[in-house]
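A.B. asks: Structure in structure tokens, see below.
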Amino acid sequence: MNVCVLLDENVSLDVGERLRGLGFDVAVVAAMESARGIPDDDVFALAAAQQRILISRDRHFTNSVRFPPDRVLGILFISDGNLRGTEEADLVESFFKNHRIEEFKERVIFLSPSSIRIR
């Protein structure tokens, strides 16, 4: 299965480069001229329309009422705000290398260097 992800504007571009190197189909909000600065609801709608895993540092996406994870492939929330780009990429790469998509499909993942929680 080719895993498709959408990187929100607040996620390091290092994450996208790393995931592309692993064979992921990566779309980046910051690289889409028409999508830069769009509201969270529109970012979510884009991920839903393309059935992508939304990767974000925006806590709003963990609100399952407003952003139902079953409408996208999944939501990965990076909860540590003090990571450098390469550290963020290491964290996300490690998660995907150690978890099968069936474990988190259509769910919310809370990811930090010290913990992983899948809801």
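Naming works like this for the structure tokens: A, B, ... for the chains as they're shown, residue 1 at the start of each chain, ligands 1 onward in shown order.
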Skip stretch 5-20 of chain A itself and residues of its chain fewer than 4 positions away, then list as a PDB file with C-alpha atoms, in the first residue's frame all residues within 6 Å of it, counting only C-alpha atoms.

C.D. replies:
ATOM      1  CA  PHE A  24       5.459   7.768   0.843  1.00  0.00           C
ATOM      2  CA  VAL A  26       3.778  13.353   0.404  1.00  0.00           C
ATOM      3  CA  ALA A  27       1.741  16.508  -0.154  1.00  0.00           C
ATOM      4  CA  VAL A  28       2.846  19.678   1.649  1.00  0.00           C
ATOM      5  CA  VAL A  29       0.418  22.507   2.416  1.00  0.00           C
ATOM      6  CA  ALA A  30       3.270  25.054   2.463  1.00  0.00           C
ATOM      7  CA  ARG A  52      -4.171  11.115   3.454  1.00  0.00           C
ATOM      8  CA  ILE A  53      -2.717  10.913   6.933  1.00  0.00           C
ATOM      9  CA  LEU A  54      -2.678  14.476   8.222  1.00  0.00           C
ATOM     10  CA  ILE A  55       0.557  15.296  10.063  1.00  0.00           C
ATOM     11  CA  SER A  56       0.376  18.450  12.153  1.00  0.00           C
ATOM     12  CA  GLY A  85      13.587  19.564  11.822  1.00  0.00           C
ATOM     13  CA  ALA A  89      11.814  13.717  10.919  1.00  0.00           C
TER      14      ALA A  89
END

A.B. asks: Quick one: DSSP strand (DSSP E) residues in stretch 23-76 of chain A, as a ChimeraX atom specification?

C.D. replies: /A:25-28,53-56,74-76

A.B. asks: Just the number, please: distance in Å from atom CA of A:Glu33 to atom CA of A:Lys105, one decimal.

C.D. replies: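 So the answer is 28.6 Å.
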
A.B. asks: Between A:Ala31, A:Ala47, A:Phe96, A:Leu111, which is the closest to A:Pro68 once you count only C-alpha atoms?

C.D. replies: A:Ala47

A.B. asks: For each of A:Phe44, A:Phe104, A:Phe95, A:Phe110, take the minimum atom-to-atom distance to A:Phe77, counting only C-alpha atoms, then give the residue where this is smallest.

C.D. replies: A:Phe110

A.B. asks: Go through A:Ser34, A:Arg117, A:Pro69, A:Ser64 and flag the residue nearest A:Ala48, using only C-alpha atoms for the distances.

C.D. replies: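 Between A:Ser34, A:Arg117, A:Pro69, A:Ser64, the residue approaching A:Ala48 most closely is A:Pro69.
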
A.B. asks: Go ahead and compute the interatomic distance for atom CA of A:Gly23 and atom CA of A:Gln50, in Å to one decimal.

C.D. replies: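 It comes out at 17.1 Å.
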